[in-house]
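Structure first, commentary second.
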Amino acid sequence: MTEKPSLADYENLKVFLGKFFDWYDSNPHMPPEVHPLHVAASIEKQSMANAKKGLQMALNDIAEDTTQWSPERVAEADARFAAAGTFTLSEIRRRYSKKYLQILKRGVIRSETEYYLVKGIVDGGGIMPGATEATQLQAMMNDFETRFVAAQKQKPPASK
């Protein structure tokens, strides 16, 4: 997403995430504590900023994981989400695809959320290895990793 979600958007995005998991990603043998809404609630108790970051990463994963869905499957999912009163899959994909294009155009990864979006696209096989775009993305990830490690080394140790 290009901006931090408002609290109302955050709550609605969580509804989307929960429904997506229940409808398309759950396993009947999974324990309840791994459900994304349970995980989000746990993170919210510690840090709302981290909860928002985690939600954005999960939505990035959904946008990436559904890129191979047929138009018919996307339309069915959109109708189901709209009927539930939350964001549609197409809206989630549009928001994150737009973000990806902004990163690509800018040529620099600015945050961990952006890094994981790009990494997911590269690792997901959506770009032909050796293509100019793949080379550019790998260089951008390497640059971010170098800057991130350097920034971590400069942080003072956490107090106990």
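Convention: chains lettered A, B, ... in structure tokens order; per-chain residue numbering from 1; ligands numbered from 1 as shown.
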Can you list, as a PyMOL selection string, all residues belonging to chain A that DSSP tags as helix (DSSP H, G or I)?
-> chain A and resi 7-25+32-34+36-46+48-65+71-83+89-106+112-123+132-154
Hey, could you make a per-residue contact list for range 119-145 of chain A against range 109-112 of chain A with 10 Å as the cut-off, showing the nearest pair of atoms and its distance in Å to one decimal, counting only C-alpha atoms, sorted by chain and number, as a tab-separated table?
residue	atom	partner	partner_atom	distance
A:Leu137	CA	A:Ile109	CA	9.2
A:Met140	CA	A:Ile109	CA	6.3
A:Met141	CA	A:Ile109	CA	7.1
A:Asn142	CA	A:Ile109	CA	9.7
A:Asp143	CA	A:Ile109	CA	8.1
A:Phe144	CA	A:Ile109	CA	6.1
A:Glu145	CA	A:Glu112	CA	9.4
Can you tell me how far CA of His35 in chain A sits from CA of Leu89 in chain A, in Å to one decimal?
->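 Computing the Euclidean distance for CA of His35 in chain A and CA of Leu89 in chain A yields 19.0 Å.
Distances from A:Arg73, A:Pro28, A:Gln68, A:Ile92 to Asp9 in chain A were compared using only C-alpha atoms, and the smallest one belongs to A:Ile92.
Using only C-alpha atoms, the nearest neighbour of Gln56 in chain A within the list A:Leu17, A:Ala134, A:Ala84, A:Ile43 is A:Leu17.
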Measure the distance from CA of Ala63 in chain A to CA of Leu37 in chain A in Å and round it to one decimal.
-> 18.0 Å
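Omitting Ala82 in chain A and its sequence neighbours fewer than 4 positions away, and counting only C-alpha atoms, the residues within 12 Å are Asn12, Val15, Phe16, Lys19, Val74, Ala75, Glu76, Ala77, Asp78, Thr86, Phe87, Thr88, Leu89, Ser90 and Glu91 of chain A.
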Using only C-alpha atoms, which of the listed residues (A:Ala83, A:Met30, A:Glu44, A:Leu55) sits closest to Gly18 in chain A?
->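 Smallest distance to Gly18 in chain A is found for A:Leu55.
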One residue among A:Ala79, A:Leu117, A:Leu7, A:Leu13 is nearest to Met48 in chain A when using only C-alpha atoms, and that residue is A:Leu7
Which of these residues is nearest to Val34 in chain A, using only C-alpha atoms: A:Phe21, A:Gln46, A:Met57, A:Glu11?
->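 Among the listed residues, A:Phe21 lies closest to Val34 in chain A.
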For the atom pair CA of Arg80 in chain A and CA of Trp23 in chain A, what is the interatomic distance in Å to one decimal place?
->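 Result for CA of Arg80 in chain A versus CA of Trp23 in chain A: 9.6 Å, one decimal.
In this comparison, which uses only C-alpha atoms, the residue of A:Pro32, A:Val118, A:Phe81, A:Ala41 approaching Lys99 in chain A most closely is A:Val118.
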